[in-house]
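Asks: One structure coming up, written as structure tokens, with questions to follow.
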Amino acid sequence: MDPYLIQVNGHGDHAPMLDVHLKTNGNSISLGKVKGRKPRWAVRASEMSKKTFNPVRAIVDSMKVEPNPKKAMISLSLGDPTVFGNLPTNDEVTRAVKEVLDSGRYNGYAPSVGYQSCREAVAAYYNCPEAPLEAQDVILTSGCSQAIELALAVLANPGQNILVPRPGFSLYKTLALSMGIEVKLYNLLPEKAWEIDLKHLESLVDEKTACLIVNNPSNPCGSVFSKSHLQKILAVASRQCVPILADEIYGDMVFADCKYEPIATLSTNVPILSCGGLAKRWLVPGWRMGWILIHDRRDIFGNEIRDGLLRLSQRILGPCTIVQGALERILHRTPPEFYHNTLSILKSNADLCYAALSAIPGLQPVRPAGAMYLMVGIEMEHFPEFENDVEFTERLISEQSVFCLPATCFEYPNFFRVVITVPEEMILEACSRIQEFCEMHYQGAEGAQDLECDK
């Protein structure tokens, strides 16, 4: 005889309630009424996916504007230095990857934080007396974007807030909101070459502030903070006991008359997670190789943050092993003239663009000092037929086939961003078309008033 028997007393073919009895050795135990389940499809997108929002894509996709068919399209919108083929990576970089691929030694899984030898190579490249690094201080990631994601995920919980620059890279907000983290925007000052409004920054800190994001050199501004300004930022972080997430993907991409200071080299006590990668300086964004450098000389992060980063990195199996295998050679054997030549091209384009746009009534470009961008203010009162920067840039596409990103994408309306990685002749042609566009629509003070009255 079976040691137990389940007896179900139902009514009809699909009883809404089942009366369940469990019999063991002749004794019956009633489990009471159990709700029946009629299977049905109910597949819904997750809350995280619903909270994920990319403002750049949302704005650009909604523009739906056709370029002028009589003029070839010039796109100054995408921060990818490889698009036009005028900025190839160095041959040494390419050879390094080819040799690793041919060796067949890097086809398997790597540790989630990266191969030890590769972490050692990154640590050696960035190590300095002011900010010492060892392999254990390096986490390799799938591009700088994943480095930022892991850093945010380890520092902030849902319900906490982070401090983000305005204007600033849209990914910070996209990632934070998807994680249930509030974003507080601190202002950058165009009249001070996009320095941080330090009083405004400090006023935003509260007991729920998890970290401060500092992006230097800046996307979208092309600005580079001075040593003294970085020290003032660190003083705010130190007073408020707020760690820093440093987005330094454009580190060392500064023009000859400027100096780049990694913020960790100036910090004596503020713990910093510095995010970087190969994408921009080595001109290979598609290779998806990034890293987090852990700077924690006062042991404020301690083992908890390091262990947290390790666990988070285990959600995927680390960055591309082929590129990892080539890292040491890429970092230590790329010739200095490659970096110099790239920066010379960017500086020349920046100067040409700044000079041309400065001469156009109604535009106020801010001179960049590095990275791959410059921001241009629009004196909207002189273009009264346009409501905002989105309408301005839409019409620039439809009339002149020049595509610049409206700075509403970066939480900073009435500006637009220009990418300066395109060939020189394209920069000159684009600026010429922008001048023609502005001359067509510019209204002086009286003209603008008359148009406003007609409305």
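By convention in this document, the chains of the structure tokens carry letters A, B, ... by their order, each chain's residues are numbered from 1, and ligands are numbered from 1 in the order they are shown.
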Give me, as a compact mmCIF listing (two decimals) with N, CA, C and O atoms, in the first residue's frame, the residues of segment 150-357 of chain A that a backbone DSSP run labels alpha helix (DSSP H).
Replies:
# COMPACT_ATOMS: atom_id res chain seq x y z
N LEU A 150 29.11 49.51 -13.67
CA LEU A 150 29.54 48.76 -12.48
C LEU A 150 29.84 49.70 -11.32
O LEU A 150 29.50 49.42 -10.17
N ALA A 151 30.49 50.83 -11.62
CA ALA A 151 30.82 51.78 -10.57
C ALA A 151 29.56 52.35 -9.93
O ALA A 151 29.46 52.47 -8.70
N LEU A 152 28.58 52.70 -10.74
CA LEU A 152 27.30 53.19 -10.20
C LEU A 152 26.61 52.11 -9.38
O LEU A 152 26.09 52.37 -8.28
N ALA A 153 26.60 50.89 -9.92
CA ALA A 153 25.89 49.80 -9.25
C ALA A 153 26.50 49.45 -7.90
O ALA A 153 25.78 49.03 -6.98
N VAL A 154 27.81 49.61 -7.75
CA VAL A 154 28.45 49.25 -6.49
C VAL A 154 28.35 50.38 -5.46
O VAL A 154 28.40 50.13 -4.25
N LEU A 155 28.19 51.62 -5.93
CA LEU A 155 28.19 52.76 -5.00
C LEU A 155 26.79 53.19 -4.55
O LEU A 155 26.64 53.77 -3.47
N LEU A 171 24.39 58.96 -20.72
CA LEU A 171 24.38 57.60 -20.20
C LEU A 171 24.27 57.56 -18.67
O LEU A 171 23.68 56.63 -18.12
N TYR A 172 24.83 58.56 -17.98
CA TYR A 172 24.77 58.55 -16.52
C TYR A 172 23.31 58.47 -16.06
O TYR A 172 22.95 57.66 -15.21
N LYS A 173 22.47 59.32 -16.63
CA LYS A 173 21.06 59.34 -16.24
C LYS A 173 20.34 58.07 -16.69
O LYS A 173 19.54 57.51 -15.94
N THR A 174 20.66 57.61 -17.90
CA THR A 174 20.03 56.39 -18.41
C THR A 174 20.27 55.21 -17.46
O THR A 174 19.35 54.48 -17.10
N LEU A 175 21.52 55.03 -17.06
CA LEU A 175 21.86 53.92 -16.17
C LEU A 175 21.24 54.10 -14.79
O LEU A 175 20.67 53.17 -14.22
N ALA A 176 21.36 55.31 -14.24
CA ALA A 176 20.89 55.55 -12.87
C ALA A 176 19.38 55.31 -12.75
O ALA A 176 18.93 54.61 -11.83
N LEU A 177 18.61 55.89 -13.65
CA LEU A 177 17.15 55.75 -13.55
C LEU A 177 16.72 54.30 -13.71
O LEU A 177 15.76 53.86 -13.06
N SER A 178 17.43 53.53 -14.54
CA SER A 178 17.06 52.12 -14.70
C SER A 178 17.31 51.34 -13.42
O SER A 178 16.69 50.30 -13.19
N LEU A 198 30.51 75.35 -8.17
CA LEU A 198 30.80 74.59 -6.95
C LEU A 198 29.76 74.82 -5.85
O LEU A 198 29.41 73.89 -5.11
N LYS A 199 29.26 76.04 -5.74
CA LYS A 199 28.22 76.31 -4.73
C LYS A 199 26.96 75.53 -5.04
O LYS A 199 26.33 74.95 -4.14
N HIS A 200 26.58 75.52 -6.31
CA HIS A 200 25.40 74.75 -6.69
C HIS A 200 25.61 73.26 -6.44
O HIS A 200 24.73 72.57 -5.91
N LEU A 201 26.79 72.78 -6.81
CA LEU A 201 27.12 71.37 -6.58
C LEU A 201 26.95 71.00 -5.11
O LEU A 201 26.26 70.04 -4.77
N GLU A 202 27.56 71.77 -4.23
CA GLU A 202 27.54 71.42 -2.81
C GLU A 202 26.13 71.54 -2.23
O GLU A 202 25.77 70.78 -1.31
N SER A 203 25.32 72.44 -2.78
CA SER A 203 23.95 72.61 -2.27
C SER A 203 23.08 71.40 -2.54
O SER A 203 22.04 71.21 -1.89
N LYS A 227 44.16 72.18 -12.67
CA LYS A 227 44.54 71.54 -11.41
C LYS A 227 43.85 72.20 -10.23
O LYS A 227 43.32 71.52 -9.34
N SER A 228 43.81 73.52 -10.21
CA SER A 228 43.21 74.23 -9.08
C SER A 228 41.72 73.97 -8.99
O SER A 228 41.16 73.84 -7.89
N HIS A 229 41.04 73.87 -10.15
CA HIS A 229 39.60 73.61 -10.11
C HIS A 229 39.33 72.19 -9.63
O HIS A 229 38.40 71.96 -8.84
N LEU A 230 40.13 71.23 -10.07
CA LEU A 230 39.97 69.87 -9.58
C LEU A 230 40.18 69.78 -8.07
O LEU A 230 39.48 69.05 -7.37
N GLN A 231 41.12 70.54 -7.55
CA GLN A 231 41.36 70.56 -6.11
C GLN A 231 40.15 71.12 -5.36
O GLN A 231 39.81 70.64 -4.27
N LYS A 232 39.48 72.09 -5.95
CA LYS A 232 38.27 72.64 -5.33
C LYS A 232 37.13 71.63 -5.36
O LYS A 232 36.33 71.54 -4.41
N ILE A 233 37.04 70.86 -6.43
CA ILE A 233 36.03 69.80 -6.50
C ILE A 233 36.30 68.76 -5.42
O ILE A 233 35.37 68.31 -4.71
N LEU A 234 37.55 68.37 -5.27
CA LEU A 234 37.93 67.41 -4.24
C LEU A 234 37.63 67.93 -2.84
O LEU A 234 37.23 67.17 -1.95
N ALA A 235 37.81 69.24 -2.65
CA ALA A 235 37.51 69.83 -1.33
C ALA A 235 36.03 69.69 -0.99
O ALA A 235 35.67 69.39 0.16
N VAL A 236 35.15 69.88 -1.99
CA VAL A 236 33.71 69.69 -1.76
C VAL A 236 33.43 68.23 -1.41
O VAL A 236 32.73 67.93 -0.43
N ALA A 237 33.99 67.31 -2.18
CA ALA A 237 33.78 65.88 -1.93
C ALA A 237 34.30 65.47 -0.56
O ALA A 237 33.67 64.66 0.15
N SER A 238 35.42 66.05 -0.17
CA SER A 238 36.01 65.72 1.13
C SER A 238 35.14 66.25 2.27
O SER A 238 34.87 65.54 3.25
N ARG A 239 34.69 67.50 2.15
CA ARG A 239 33.84 68.09 3.20
C ARG A 239 32.55 67.28 3.38
O ARG A 239 32.07 67.09 4.49
N GLN A 240 32.00 66.83 2.27
CA GLN A 240 30.70 66.16 2.31
C GLN A 240 30.82 64.64 2.41
O GLN A 240 29.81 63.94 2.48
N GLY A 302 37.52 50.15 1.30
CA GLY A 302 37.80 48.88 1.97
C GLY A 302 37.52 47.69 1.07
O GLY A 302 37.41 47.79 -0.15
N ASN A 303 37.39 46.53 1.69
CA ASN A 303 37.13 45.31 0.93
C ASN A 303 35.71 45.26 0.38
O ASN A 303 35.45 44.58 -0.61
N GLU A 304 34.81 45.99 1.02
CA GLU A 304 33.41 45.88 0.63
C GLU A 304 33.18 46.33 -0.81
O GLU A 304 32.51 45.63 -1.59
N ILE A 305 33.73 47.48 -1.19
CA ILE A 305 33.55 47.96 -2.56
C ILE A 305 34.30 47.08 -3.55
O ILE A 305 33.79 46.75 -4.63
N ARG A 306 35.49 46.65 -3.18
CA ARG A 306 36.25 45.77 -4.07
C ARG A 306 35.51 44.44 -4.28
O ARG A 306 35.40 43.95 -5.41
N ASP A 307 35.01 43.86 -3.20
CA ASP A 307 34.26 42.60 -3.31
C ASP A 307 32.98 42.81 -4.13
O ASP A 307 32.57 41.95 -4.90
N GLY A 308 32.35 43.98 -3.93
CA GLY A 308 31.14 44.28 -4.69
C GLY A 308 31.40 44.37 -6.18
O GLY A 308 30.64 43.85 -7.00
N LEU A 309 32.50 45.02 -6.54
CA LEU A 309 32.86 45.10 -7.96
C LEU A 309 33.16 43.72 -8.54
O LEU A 309 32.79 43.42 -9.68
N LEU A 310 33.83 42.89 -7.76
CA LEU A 310 34.11 41.52 -8.21
C LEU A 310 32.81 40.77 -8.47
O LEU A 310 32.64 40.14 -9.53
N ARG A 311 31.87 40.85 -7.52
CA ARG A 311 30.61 40.13 -7.69
C ARG A 311 29.82 40.67 -8.89
O ARG A 311 29.25 39.90 -9.67
N LEU A 312 29.79 41.98 -9.04
CA LEU A 312 29.07 42.57 -10.17
C LEU A 312 29.70 42.18 -11.51
O LEU A 312 28.99 41.95 -12.50
N SER A 313 31.02 42.09 -11.53
CA SER A 313 31.69 41.72 -12.78
C SER A 313 31.37 40.29 -13.18
O SER A 313 31.47 39.93 -14.35
N THR A 321 38.56 38.72 -24.73
CA THR A 321 39.87 38.17 -24.36
C THR A 321 40.95 38.47 -25.40
O THR A 321 42.13 38.60 -25.05
N ILE A 322 40.57 38.57 -26.67
CA ILE A 322 41.55 38.88 -27.72
C ILE A 322 42.18 40.25 -27.45
O ILE A 322 43.40 40.42 -27.50
N VAL A 323 41.32 41.24 -27.16
CA VAL A 323 41.83 42.59 -26.90
C VAL A 323 42.61 42.61 -25.58
O VAL A 323 43.63 43.30 -25.46
N GLN A 324 42.15 41.83 -24.60
CA GLN A 324 42.91 41.74 -23.35
C GLN A 324 44.34 41.27 -23.62
O GLN A 324 45.30 41.82 -23.09
N GLY A 325 44.45 40.24 -24.46
CA GLY A 325 45.76 39.69 -24.74
C GLY A 325 46.70 40.69 -25.40
O GLY A 325 47.92 40.61 -25.25
N ALA A 326 46.12 41.66 -26.11
CA ALA A 326 46.93 42.67 -26.80
C ALA A 326 47.17 43.92 -25.96
O ALA A 326 47.91 44.81 -26.38
N LEU A 327 46.56 43.99 -24.79
CA LEU A 327 46.57 45.23 -24.00
C LEU A 327 47.98 45.72 -23.67
O LEU A 327 48.28 46.91 -23.82
N GLU A 328 48.82 44.84 -23.18
CA GLU A 328 50.15 45.29 -22.76
C GLU A 328 50.89 45.94 -23.91
O GLU A 328 51.48 47.02 -23.77
N ARG A 329 50.82 45.31 -25.08
CA ARG A 329 51.52 45.88 -26.23
C ARG A 329 50.86 47.19 -26.68
O ARG A 329 51.56 48.15 -27.04
N ILE A 330 49.54 47.25 -26.66
CA ILE A 330 48.84 48.47 -27.06
C ILE A 330 49.23 49.64 -26.15
O ILE A 330 49.55 50.74 -26.61
N LEU A 331 49.22 49.38 -24.85
CA LEU A 331 49.49 50.45 -23.89
C LEU A 331 50.94 50.90 -23.90
O LEU A 331 51.24 52.09 -23.77
N HIS A 332 51.84 49.95 -24.04
CA HIS A 332 53.25 50.27 -23.83
C HIS A 332 54.07 50.41 -25.11
O HIS A 332 55.21 50.86 -25.06
N ARG A 333 53.48 50.05 -26.26
CA ARG A 333 54.27 50.14 -27.50
C ARG A 333 53.66 51.06 -28.55
O ARG A 333 54.25 51.23 -29.62
N PRO A 336 54.50 57.47 -29.41
CA PRO A 336 53.99 58.78 -28.97
C PRO A 336 53.50 59.66 -30.12
O PRO A 336 52.55 60.43 -29.95
N GLU A 337 54.11 59.52 -31.30
CA GLU A 337 53.69 60.38 -32.42
C GLU A 337 52.27 60.08 -32.86
O GLU A 337 51.59 60.95 -33.44
N PHE A 338 51.77 58.86 -32.60
CA PHE A 338 50.37 58.55 -32.93
C PHE A 338 49.43 59.45 -32.13
O PHE A 338 48.51 60.06 -32.69
N TYR A 339 49.65 59.53 -30.82
CA TYR A 339 48.82 60.40 -29.99
C TYR A 339 48.96 61.85 -30.43
O TYR A 339 47.97 62.59 -30.53
N HIS A 340 50.18 62.25 -30.69
CA HIS A 340 50.45 63.64 -31.07
C HIS A 340 49.73 64.00 -32.37
O HIS A 340 49.10 65.07 -32.47
N ASN A 341 49.79 63.12 -33.35
CA ASN A 341 49.14 63.38 -34.64
C ASN A 341 47.63 63.48 -34.51
O ASN A 341 46.99 64.34 -35.12
N THR A 342 47.05 62.57 -33.71
CA THR A 342 45.60 62.61 -33.50
C THR A 342 45.19 63.94 -32.88
O THR A 342 44.25 64.60 -33.34
N LEU A 343 45.91 64.36 -31.86
CA LEU A 343 45.57 65.61 -31.18
C LEU A 343 45.80 66.82 -32.07
O LEU A 343 45.06 67.81 -31.99
N SER A 344 46.80 66.76 -32.94
CA SER A 344 47.05 67.87 -33.87
C SER A 344 45.86 68.06 -34.81
O SER A 344 45.44 69.19 -35.09
N ILE A 345 45.32 66.94 -35.29
CA ILE A 345 44.16 67.01 -36.18
C ILE A 345 42.95 67.57 -35.44
O ILE A 345 42.24 68.46 -35.94
N LEU A 346 42.70 67.07 -34.22
CA LEU A 346 41.56 67.55 -33.44
C LEU A 346 41.70 69.03 -33.10
O LEU A 346 40.73 69.79 -33.18
N LYS A 347 42.92 69.45 -32.72
CA LYS A 347 43.15 70.86 -32.38
C LYS A 347 42.93 71.75 -33.59
O LYS A 347 42.30 72.82 -33.50
N SER A 348 43.43 71.33 -34.74
CA SER A 348 43.26 72.12 -35.96
C SER A 348 41.78 72.25 -36.31
O SER A 348 41.30 73.35 -36.62
N ASN A 349 41.04 71.14 -36.23
CA ASN A 349 39.61 71.18 -36.52
C ASN A 349 38.87 72.05 -35.51
O ASN A 349 37.96 72.80 -35.87
N ALA A 350 39.25 71.95 -34.24
CA ALA A 350 38.60 72.76 -33.21
C ALA A 350 38.82 74.24 -33.45
O ALA A 350 37.89 75.06 -33.34
N ASP A 351 40.05 74.61 -33.82
CA ASP A 351 40.36 76.02 -34.08
C ASP A 351 39.60 76.54 -35.29
O ASP A 351 39.04 77.65 -35.27
N LEU A 352 39.57 75.73 -36.37
CA LEU A 352 38.84 76.14 -37.57
C LEU A 352 37.35 76.33 -37.27
O LEU A 352 36.75 77.34 -37.66
N CYS A 353 36.79 75.36 -36.57
CA CYS A 353 35.36 75.39 -36.25
C CYS A 353 35.02 76.56 -35.33
O CYS A 353 34.06 77.30 -35.57
N TYR A 354 35.83 76.74 -34.30
CA TYR A 354 35.59 77.83 -33.34
C TYR A 354 35.67 79.19 -34.04
O TYR A 354 34.80 80.05 -33.85
N ALA A 355 36.69 79.38 -34.87
CA ALA A 355 36.86 80.67 -35.56
C ALA A 355 35.69 80.93 -36.52
O ALA A 355 35.15 82.05 -36.56
N ALA A 356 35.29 79.91 -37.27
CA ALA A 356 34.21 80.09 -38.24
C ALA A 356 32.88 80.39 -37.56
O ALA A 356 32.14 81.30 -37.97
N LEU A 357 32.57 79.65 -36.51
CA LEU A 357 31.28 79.82 -35.84
C LEU A 357 31.24 81.10 -35.01
O LEU A 357 30.17 81.70 -34.83
Asks: Could you name the residues that touch segment 374-391 of chain A at 10 Å or less, counting only C-alpha atoms, but leaving out those on the same chain fewer than 5 positions away, as an NGL selection string?
Replies: :A and (59-60 or 63 or 167 or 190 or 194 or 218-223 or 350 or 353-354 or 357-358 or 361-369 or 396-397 or 404-409 or 412-420 or 438 or 440-452 or 455)
Asks: With DSSP run on the backbone, what are the strand (DSSP E) residues within segment 130-343 of chain A? I'd like them as a PDB file with N, CA and C atoms, in the first residue's frame.
Replies:
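Final file, out_13.pdb:
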ATOM      1  N   VAL A 138      42.624  47.162 -10.417  1.00  0.00           N
ATOM      2  CA  VAL A 138      42.117  47.284 -11.789  1.00  0.00           C
ATOM      3  C   VAL A 138      41.040  46.238 -12.047  1.00  0.00           C
ATOM      4  N   ILE A 139      39.903  46.689 -12.568  1.00  0.00           N
ATOM      5  CA  ILE A 139      38.837  45.803 -13.040  1.00  0.00           C
ATOM      6  C   ILE A 139      38.682  46.062 -14.533  1.00  0.00           C
ATOM      7  N   LEU A 140      38.864  45.050 -15.366  1.00  0.00           N
ATOM      8  CA  LEU A 140      38.662  45.215 -16.795  1.00  0.00           C
ATOM      9  C   LEU A 140      37.181  45.024 -17.131  1.00  0.00           C
ATOM     10  N   THR A 141      36.689  45.840 -18.070  1.00  0.00           N
ATOM     11  CA  THR A 141      35.253  45.861 -18.365  1.00  0.00           C
ATOM     12  C   THR A 141      35.024  45.889 -19.876  1.00  0.00           C
ATOM     13  N   ASN A 161      20.761  59.061  -4.395  1.00  0.00           N
ATOM     14  CA  ASN A 161      20.939  59.954  -5.535  1.00  0.00           C
ATOM     15  C   ASN A 161      22.408  60.104  -5.883  1.00  0.00           C
ATOM     16  N   ILE A 162      22.647  60.486  -7.134  1.00  0.00           N
ATOM     17  CA  ILE A 162      24.001  60.777  -7.599  1.00  0.00           C
ATOM     18  C   ILE A 162      24.012  62.180  -8.195  1.00  0.00           C
ATOM     19  N   LEU A 163      25.188  62.809  -8.197  1.00  0.00           N
ATOM     20  CA  LEU A 163      25.347  64.164  -8.724  1.00  0.00           C
ATOM     21  C   LEU A 163      25.988  64.079 -10.104  1.00  0.00           C
ATOM     22  N   VAL A 164      25.318  64.655 -11.093  1.00  0.00           N
ATOM     23  CA  VAL A 164      25.673  64.495 -12.502  1.00  0.00           C
ATOM     24  C   VAL A 164      25.816  65.867 -13.152  1.00  0.00           C
ATOM     25  N   PRO A 165      26.839  66.068 -14.009  1.00  0.00           N
ATOM     26  CA  PRO A 165      27.020  67.384 -14.632  1.00  0.00           C
ATOM     27  C   PRO A 165      25.930  67.722 -15.643  1.00  0.00           C
ATOM     28  N   ARG A 166      25.635  69.032 -15.711  1.00  0.00           N
ATOM     29  CA  ARG A 166      24.710  69.564 -16.720  1.00  0.00           C
ATOM     30  C   ARG A 166      25.377  70.754 -17.395  1.00  0.00           C
ATOM     31  N   GLU A 182      18.126  58.209  -8.090  1.00  0.00           N
ATOM     32  CA  GLU A 182      17.748  59.572  -8.467  1.00  0.00           C
ATOM     33  C   GLU A 182      18.966  60.320  -9.008  1.00  0.00           C
ATOM     34  N   VAL A 183      18.733  61.188  -9.988  1.00  0.00           N
ATOM     35  CA  VAL A 183      19.796  62.006 -10.569  1.00  0.00           C
ATOM     36  C   VAL A 183      19.588  63.464 -10.181  1.00  0.00           C
ATOM     37  N   LYS A 184      20.630  64.073  -9.613  1.00  0.00           N
ATOM     38  CA  LYS A 184      20.626  65.510  -9.336  1.00  0.00           C
ATOM     39  C   LYS A 184      21.662  66.167 -10.235  1.00  0.00           C
ATOM     40  N   LEU A 185      21.232  67.171 -10.983  1.00  0.00           N
ATOM     41  CA  LEU A 185      22.086  67.803 -11.982  1.00  0.00           C
ATOM     42  C   LEU A 185      22.754  69.049 -11.419  1.00  0.00           C
ATOM     43  N   TYR A 186      24.085  69.077 -11.450  1.00  0.00           N
ATOM     44  CA  TYR A 186      24.801  70.287 -11.046  1.00  0.00           C
ATOM     45  C   TYR A 186      25.271  71.029 -12.296  1.00  0.00           C
ATOM     46  N   ASN A 187      25.330  72.349 -12.204  1.00  0.00           N
ATOM     47  CA  ASN A 187      25.565  73.179 -13.377  1.00  0.00           C
ATOM     48  C   ASN A 187      27.040  73.354 -13.703  1.00  0.00           C
ATOM     49  N   LEU A 188      27.331  73.328 -15.009  1.00  0.00           N
ATOM     50  CA  LEU A 188      28.611  73.776 -15.529  1.00  0.00           C
ATOM     51  C   LEU A 188      28.413  75.180 -16.104  1.00  0.00           C
ATOM     52  N   LEU A 189      29.469  75.987 -16.086  1.00  0.00           N
ATOM     53  CA  LEU A 189      29.356  77.402 -16.427  1.00  0.00           C
ATOM     54  C   LEU A 189      30.058  77.696 -17.753  1.00  0.00           C
ATOM     55  N   GLU A 195      33.577  75.272 -16.247  1.00  0.00           N
ATOM     56  CA  GLU A 195      33.909  74.854 -14.880  1.00  0.00           C
ATOM     57  C   GLU A 195      32.626  74.547 -14.116  1.00  0.00           C
ATOM     58  N   ILE A 196      32.752  73.779 -13.031  1.00  0.00           N
ATOM     59  CA  ILE A 196      31.594  73.435 -12.197  1.00  0.00           C
ATOM     60  C   ILE A 196      31.198  74.624 -11.338  1.00  0.00           C
ATOM     61  N   THR A 209      23.008  61.087  -0.863  1.00  0.00           N
ATOM     62  CA  THR A 209      23.926  61.215  -1.995  1.00  0.00           C
ATOM     63  C   THR A 209      24.979  60.113  -1.947  1.00  0.00           C
ATOM     64  N   ALA A 210      25.042  59.320  -3.014  1.00  0.00           N
ATOM     65  CA  ALA A 210      25.924  58.149  -3.046  1.00  0.00           C
ATOM     66  C   ALA A 210      27.265  58.444  -3.705  1.00  0.00           C
ATOM     67  N   CYS A 211      27.274  59.309  -4.720  1.00  0.00           N
ATOM     68  CA  CYS A 211      28.544  59.639  -5.373  1.00  0.00           C
ATOM     69  C   CYS A 211      28.403  60.868  -6.249  1.00  0.00           C
ATOM     70  N   LEU A 212      29.548  61.429  -6.587  1.00  0.00           N
ATOM     71  CA  LEU A 212      29.652  62.579  -7.479  1.00  0.00           C
ATOM     72  C   LEU A 212      30.343  62.123  -8.761  1.00  0.00           C
ATOM     73  N   ILE A 213      29.705  62.363  -9.918  1.00  0.00           N
ATOM     74  CA  ILE A 213      30.335  62.047 -11.198  1.00  0.00           C
ATOM     75  C   ILE A 213      31.073  63.274 -11.707  1.00  0.00           C
ATOM     76  N   VAL A 214      32.363  63.098 -11.999  1.00  0.00           N
ATOM     77  CA  VAL A 214      33.180  64.156 -12.585  1.00  0.00           C
ATOM     78  C   VAL A 214      33.681  63.657 -13.928  1.00  0.00           C
ATOM     79  N   ASN A 215      33.297  64.348 -15.005  1.00  0.00           N
ATOM     80  CA  ASN A 215      33.704  63.967 -16.366  1.00  0.00           C
ATOM     81  C   ASN A 215      34.735  64.975 -16.871  1.00  0.00           C
ATOM     82  N   ILE A 244      33.932  59.835  -5.455  1.00  0.00           N
ATOM     83  CA  ILE A 244      33.875  60.336  -6.831  1.00  0.00           C
ATOM     84  C   ILE A 244      33.936  59.190  -7.822  1.00  0.00           C
ATOM     85  N   LEU A 245      33.050  59.243  -8.803  1.00  0.00           N
ATOM     86  CA  LEU A 245      33.144  58.400  -9.990  1.00  0.00           C
ATOM     87  C   LEU A 245      33.704  59.308 -11.085  1.00  0.00           C
ATOM     88  N   ALA A 246      34.948  59.057 -11.486  1.00  0.00           N
ATOM     89  CA  ALA A 246      35.610  59.902 -12.476  1.00  0.00           C
ATOM     90  C   ALA A 246      35.514  59.253 -13.849  1.00  0.00           C
ATOM     91  N   ASP A 247      34.790  59.899 -14.763  1.00  0.00           N
ATOM     92  CA  ASP A 247      34.732  59.429 -16.143  1.00  0.00           C
ATOM     93  C   ASP A 247      35.879  60.108 -16.886  1.00  0.00           C
ATOM     94  N   ILE A 272      38.146  57.250  -5.061  1.00  0.00           N
ATOM     95  CA  ILE A 272      37.754  57.511  -6.446  1.00  0.00           C
ATOM     96  C   ILE A 272      37.728  56.216  -7.235  1.00  0.00           C
ATOM     97  N   LEU A 273      36.672  56.029  -8.011  1.00  0.00           N
ATOM     98  CA  LEU A 273      36.633  55.001  -9.041  1.00  0.00           C
ATOM     99  C   LEU A 273      36.789  55.707 -10.376  1.00  0.00           C
ATOM    100  N   SER A 274      37.941  55.508 -11.023  1.00  0.00           N
ATOM    101  CA  SER A 274      38.213  56.166 -12.304  1.00  0.00           C
ATOM    102  C   SER A 274      37.922  55.209 -13.451  1.00  0.00           C
ATOM    103  N   CYS A 275      37.069  55.647 -14.381  1.00  0.00           N
ATOM    104  CA  CYS A 275      36.648  54.809 -15.504  1.00  0.00           C
ATOM    105  C   CYS A 275      37.311  55.297 -16.788  1.00  0.00           C
ATOM    106  N   GLY A 276      37.900  54.359 -17.527  1.00  0.00           N
ATOM    107  CA  GLY A 276      38.563  54.704 -18.784  1.00  0.00           C
ATOM    108  C   GLY A 276      38.488  53.551 -19.751  1.00  0.00           C
ATOM    109  N   GLY A 277      39.302  53.628 -20.812  1.00  0.00           N
ATOM    110  CA  GLY A 277      39.293  52.559 -21.795  1.00  0.00           C
ATOM    111  C   GLY A 277      40.066  52.927 -23.044  1.00  0.00           C
ATOM    112  N   GLY A 290      37.410  48.474 -21.557  1.00  0.00           N
ATOM    113  CA  GLY A 290      37.457  49.540 -20.573  1.00  0.00           C
ATOM    114  C   GLY A 290      38.016  49.040 -19.261  1.00  0.00           C
ATOM    115  N   TRP A 291      38.076  49.941 -18.285  1.00  0.00           N
ATOM    116  CA  TRP A 291      38.578  49.546 -16.971  1.00  0.00           C
ATOM    117  C   TRP A 291      38.119  50.507 -15.888  1.00  0.00           C
ATOM    118  N   ILE A 292      38.119  49.978 -14.677  1.00  0.00           N
ATOM    119  CA  ILE A 292      37.929  50.787 -13.466  1.00  0.00           C
ATOM    120  C   ILE A 292      39.239  50.757 -12.696  1.00  0.00           C
ATOM    121  N   LEU A 293      39.722  51.929 -12.317  1.00  0.00           N
ATOM    122  CA  LEU A 293      40.904  52.042 -11.462  1.00  0.00           C
ATOM    123  C   LEU A 293      40.430  52.447 -10.074  1.00  0.00           C
ATOM    124  N   ILE A 294      40.763  51.641  -9.078  1.00  0.00           N
ATOM    125  CA  ILE A 294      40.305  51.877  -7.704  1.00  0.00           C
ATOM    126  C   ILE A 294      41.385  52.653  -6.952  1.00  0.00           C
ATOM    127  N   HIS A 295      41.069  53.887  -6.581  1.00  0.00           N
ATOM    128  CA  HIS A 295      41.990  54.728  -5.812  1.00  0.00           C
ATOM    129  C   HIS A 295      41.402  54.912  -4.410  1.00  0.00           C
TER     130      HIS A 295
END
Asks: Between A:Ala193, A:Leu283, A:Ile181, A:Ala147, which residue has the minimum interatomic distance to Met48 of chain A, considering only C-alpha atoms?
Replies: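 Between A:Ala193, A:Leu283, A:Ile181, A:Ala147, the residue approaching Met48 of chain A most closely is A:Ile181.
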Asks: Rank nothing, just name the residue among A:Val224, A:Thr421, A:Arg433, A:Asp206 nearest to Val83 of chain A, using only C-alpha atoms.
Replies: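 Closest candidate: A:Thr421.
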Asks: Kindly indicate which residue among A:Arg395, A:Ile427, A:Lys280, A:Asp137 lies nearest to Ala123 of chain A, using only C-alpha atoms for the distances.
Replies: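 Among the listed residues, A:Asp137 lies closest to Ala123 of chain A.
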Asks: Can you measure atom CA of Asn157 of chain A to atom CA of Glu207 of chain A for me? One decimal in Å is fine.
Replies: 12.8 Å
Asks: If you count only C-alpha atoms, which residues fall within 9 Å of Asp252 of chain A, apart from same-chain ones fewer than 5 positions away, as a list of chain:residue names?
Replies: A:Pro217, A:Lys259, A:Tyr260, A:Glu261, A:Pro262, A:Arg281, A:Gly370, A:Ala371
